Amino acid sequence: MSMEVQGAFRALSDPTRRDILLHLSARDMTIGEVADQFSITRAAVKKHLTILEEGRLISVKAHGRERINHLEPLGIKPVADWIGYFNRFWDERLLEMQQAVAQHERENDE
């Protein structure tokens with residue numbers, strides 16, 4: 001597994017970080033605006049945002065004295081691709097099982 005995927009999975013492993021991503025999907029927010037959405041300290045929110053940034057799921061831009069957090073939708077693509085492999089794996093296995101059942105039913109009908 002690539003470091004890119006590992007960083008994204010690390011970022012997604014925490015429910016608070018997943019919730020932060022949901023908030024950022026609605027609009028860009030400062031650290032304070034994100035912190036207002038949770039009952040945790042601003043320092044804890046900052047730590048979560050840092051991990052999300054390291055996982056390339058958000059980007060941060062300085063705007064004056066504030067740091068604006070922005071969702072990076074393409075950051076989730078490596079995770080989706082990794083999970084997609086297993087979707088295809090199971091789709092293929094289930095199709096094989098469906099074909100085997102159909103073959104078995106045809107043989108029993110004869």
# chains A, B, ... in the order shown; residues from 1 in each chain; ligands from 1
>>> residues_around(residues="His70 in chain A", least_positions_apart="2", cutoff="7 Å", atoms="only C-alpha atoms", output="JSON, numbers by chain")
{"A": [24, 28, 58, 59, 60, 68, 72]}
>>> write_last_selection(atoms="N, CA and C atoms", output="compact mmCIF listing (two decimals), in the first residue's frame")
# COMPACT_ATOMS: atom_id res chain seq x y z
N LEU A 24 -16.48 20.35 5.95
CA LEU A 24 -15.73 21.05 4.91
C LEU A 24 -16.29 20.79 3.52
N ASP A 28 -15.64 25.97 2.90
CA ASP A 28 -14.32 26.17 3.51
C ASP A 28 -14.51 26.79 4.88
N ILE A 58 -7.38 17.53 2.81
CA ILE A 58 -7.69 18.95 2.83
C ILE A 58 -6.43 19.73 2.45
N SER A 59 -6.65 20.97 2.04
CA SER A 59 -5.53 21.89 1.86
C SER A 59 -5.82 23.10 2.74
N VAL A 60 -4.76 23.81 3.08
CA VAL A 60 -4.88 24.95 3.98
C VAL A 60 -4.21 26.14 3.31
N ILE A 68 -7.44 29.00 6.15
CA ILE A 68 -8.70 28.51 5.60
C ILE A 68 -8.51 27.05 5.17
N GLU A 72 -10.26 18.62 -0.21
CA GLU A 72 -9.64 18.20 -1.47
C GLU A 72 -10.29 16.88 -1.89
>>> residues_around(residues="Val79 in chain A", least_positions_apart="2", cutoff="10 Å", atoms="only C-alpha atoms", output="compact mmCIF listing (two decimals) with all heavy atoms, in the first residue's frame")
# COMPACT_ATOMS: atom_id res chain seq x y z
N GLU A 4 0.70 7.35 0.17
CA GLU A 4 -0.45 8.22 -0.08
C GLU A 4 -1.73 7.60 0.47
O GLU A 4 -2.51 8.25 1.15
CB GLU A 4 -0.56 8.49 -1.58
CG GLU A 4 -1.68 9.43 -1.96
CD GLU A 4 -1.73 9.67 -3.45
OE1 GLU A 4 -1.46 8.75 -4.23
OE2 GLU A 4 -2.07 10.80 -3.83
N VAL A 5 -1.92 6.33 0.18
CA VAL A 5 -3.12 5.63 0.64
C VAL A 5 -3.07 5.48 2.16
O VAL A 5 -4.08 5.67 2.85
CB VAL A 5 -3.27 4.25 -0.05
CG1 VAL A 5 -4.44 3.48 0.53
CG2 VAL A 5 -3.46 4.44 -1.54
N GLN A 6 -1.90 5.16 2.70
CA GLN A 6 -1.78 5.00 4.15
C GLN A 6 -2.12 6.30 4.88
O GLN A 6 -2.80 6.28 5.90
CB GLN A 6 -0.37 4.54 4.52
CG GLN A 6 -0.14 3.09 4.15
CD GLN A 6 1.26 2.62 4.54
OE1 GLN A 6 1.95 3.27 5.31
NE2 GLN A 6 1.65 1.49 4.01
N GLY A 7 -1.64 7.42 4.36
CA GLY A 7 -1.95 8.71 4.98
C GLY A 7 -3.43 9.03 4.95
O GLY A 7 -3.99 9.55 5.92
N ALA A 8 -4.07 8.72 3.84
CA ALA A 8 -5.51 8.97 3.72
C ALA A 8 -6.29 8.06 4.67
O ALA A 8 -7.22 8.52 5.35
CB ALA A 8 -5.96 8.76 2.28
N PHE A 9 -5.90 6.77 4.76
CA PHE A 9 -6.58 5.87 5.69
C PHE A 9 -6.37 6.32 7.13
O PHE A 9 -7.30 6.25 7.95
CB PHE A 9 -6.11 4.43 5.51
CG PHE A 9 -6.93 3.65 4.52
CD1 PHE A 9 -6.38 3.25 3.33
CD2 PHE A 9 -8.25 3.33 4.79
CE1 PHE A 9 -7.13 2.53 2.41
CE2 PHE A 9 -9.01 2.61 3.89
CZ PHE A 9 -8.44 2.20 2.69
N LEU A 12 -8.71 9.10 7.75
CA LEU A 12 -10.10 8.67 7.79
C LEU A 12 -10.42 7.76 8.96
O LEU A 12 -11.60 7.46 9.22
CB LEU A 12 -10.45 7.95 6.48
CG LEU A 12 -10.48 8.83 5.24
CD1 LEU A 12 -10.58 7.97 3.99
CD2 LEU A 12 -11.61 9.84 5.32
N LEU A 74 -10.26 15.07 -4.48
CA LEU A 74 -9.43 14.08 -5.15
C LEU A 74 -8.52 13.33 -4.18
O LEU A 74 -7.97 12.29 -4.52
CB LEU A 74 -8.60 14.72 -6.26
CG LEU A 74 -9.40 15.22 -7.46
CD1 LEU A 74 -8.48 15.89 -8.49
CD2 LEU A 74 -10.19 14.10 -8.10
N GLY A 75 -8.39 13.84 -2.96
CA GLY A 75 -7.58 13.18 -1.95
C GLY A 75 -8.15 11.82 -1.55
O GLY A 75 -7.42 10.95 -1.09
N ILE A 76 -9.44 11.65 -1.73
CA ILE A 76 -10.08 10.38 -1.36
C ILE A 76 -9.94 9.35 -2.48
O ILE A 76 -10.16 8.16 -2.26
CB ILE A 76 -11.57 10.63 -1.02
CG1 ILE A 76 -12.13 9.48 -0.17
CG2 ILE A 76 -12.42 10.80 -2.23
CD1 ILE A 76 -11.81 9.59 1.25
N LYS A 77 -9.51 9.77 -3.67
CA LYS A 77 -9.43 8.86 -4.81
C LYS A 77 -8.53 7.66 -4.56
O LYS A 77 -8.93 6.53 -4.89
CB LYS A 77 -8.99 9.61 -6.07
CG LYS A 77 -9.03 8.72 -7.31
CD LYS A 77 -8.69 9.48 -8.55
CE LYS A 77 -8.76 8.65 -9.81
NZ LYS A 77 -8.56 7.24 -9.72
N ASP A 81 -9.96 3.97 -4.95
CA ASP A 81 -9.33 3.00 -5.86
C ASP A 81 -8.96 1.72 -5.14
O ASP A 81 -9.16 0.63 -5.65
CB ASP A 81 -8.09 3.60 -6.53
CG ASP A 81 -8.41 4.73 -7.50
OD1 ASP A 81 -9.59 4.87 -7.88
OD2 ASP A 81 -7.48 5.47 -7.86
N TRP A 82 -8.40 1.85 -3.93
CA TRP A 82 -8.00 0.69 -3.16
C TRP A 82 -9.21 -0.15 -2.80
O TRP A 82 -9.21 -1.38 -2.95
CB TRP A 82 -7.25 1.15 -1.90
CG TRP A 82 -6.58 0.04 -1.17
CD1 TRP A 82 -5.33 -0.45 -1.39
CD2 TRP A 82 -7.12 -0.70 -0.07
NE1 TRP A 82 -5.07 -1.47 -0.49
CE2 TRP A 82 -6.14 -1.64 0.34
CE3 TRP A 82 -8.33 -0.66 0.62
CZ2 TRP A 82 -6.34 -2.53 1.39
CZ3 TRP A 82 -8.53 -1.54 1.67
CH2 TRP A 82 -7.55 -2.46 2.04
N ILE A 83 -10.27 0.50 -2.34
CA ILE A 83 -11.51 -0.21 -2.00
C ILE A 83 -12.15 -0.79 -3.26
O ILE A 83 -12.70 -1.89 -3.24
CB ILE A 83 -12.47 0.71 -1.24
CG1 ILE A 83 -11.89 1.02 0.15
CG2 ILE A 83 -13.86 0.10 -1.12
CD1 ILE A 83 -12.62 2.08 0.91
N GLY A 84 -12.05 -0.06 -4.36
CA GLY A 84 -12.61 -0.52 -5.63
C GLY A 84 -12.05 -1.86 -6.06
O GLY A 84 -12.75 -2.68 -6.66
>>> residues_around(residues="Asp19 in chain A", least_positions_apart="2", cutoff="12 Å", atoms="only C-alpha atoms", output="PyMOL selection string")
chain A and resi 11-17+21-26+34-35+37-38+45+48-49+52+71
>>> select_by_dssp(residues="range 5-110 of chain A", states="strand (DSSP E)", output="list in words")
Met29, Thr30, Ile58, Ser59, Val60, Lys61, Ala62, His63, Glu66, Arg67, Ile68, Asn69, His70 and Leu71 of chain A
>>> write_last_selection(atoms="C-alpha atoms", output="PDB file, in the first residue's frame")
ATOM      1  CA  MET A  29     -13.760  26.964   7.181  1.00  0.00           C
ATOM      2  CA  THR A  30     -11.208  28.486   9.510  1.00  0.00           C
ATOM      3  CA  ILE A  58      -7.687  18.952   2.827  1.00  0.00           C
ATOM      4  CA  SER A  59      -5.533  21.892   1.861  1.00  0.00           C
ATOM      5  CA  VAL A  60      -4.884  24.953   3.975  1.00  0.00           C
ATOM      6  CA  LYS A  61      -4.403  28.475   2.674  1.00  0.00           C
ATOM      7  CA  ALA A  62      -3.312  31.479   4.670  1.00  0.00           C
ATOM      8  CA  HIS A  63      -5.711  34.403   4.363  1.00  0.00           C
ATOM      9  CA  GLU A  66      -6.418  33.021   9.368  1.00  0.00           C
ATOM     10  CA  ARG A  67      -5.874  29.612   7.874  1.00  0.00           C
ATOM     11  CA  ILE A  68      -8.699  28.507   5.596  1.00  0.00           C
ATOM     12  CA  ASN A  69      -9.293  24.754   5.381  1.00  0.00           C
ATOM     13  CA  HIS A  70     -10.533  23.404   2.061  1.00  0.00           C
ATOM     14  CA  LEU A  71     -11.732  19.896   1.220  1.00  0.00           C
TER      15      LEU A  71
END
>>> atom_distance(atom1="CA of Met3 in chain A", atom2="CA of Gly55 in chain A")
9.1 Å
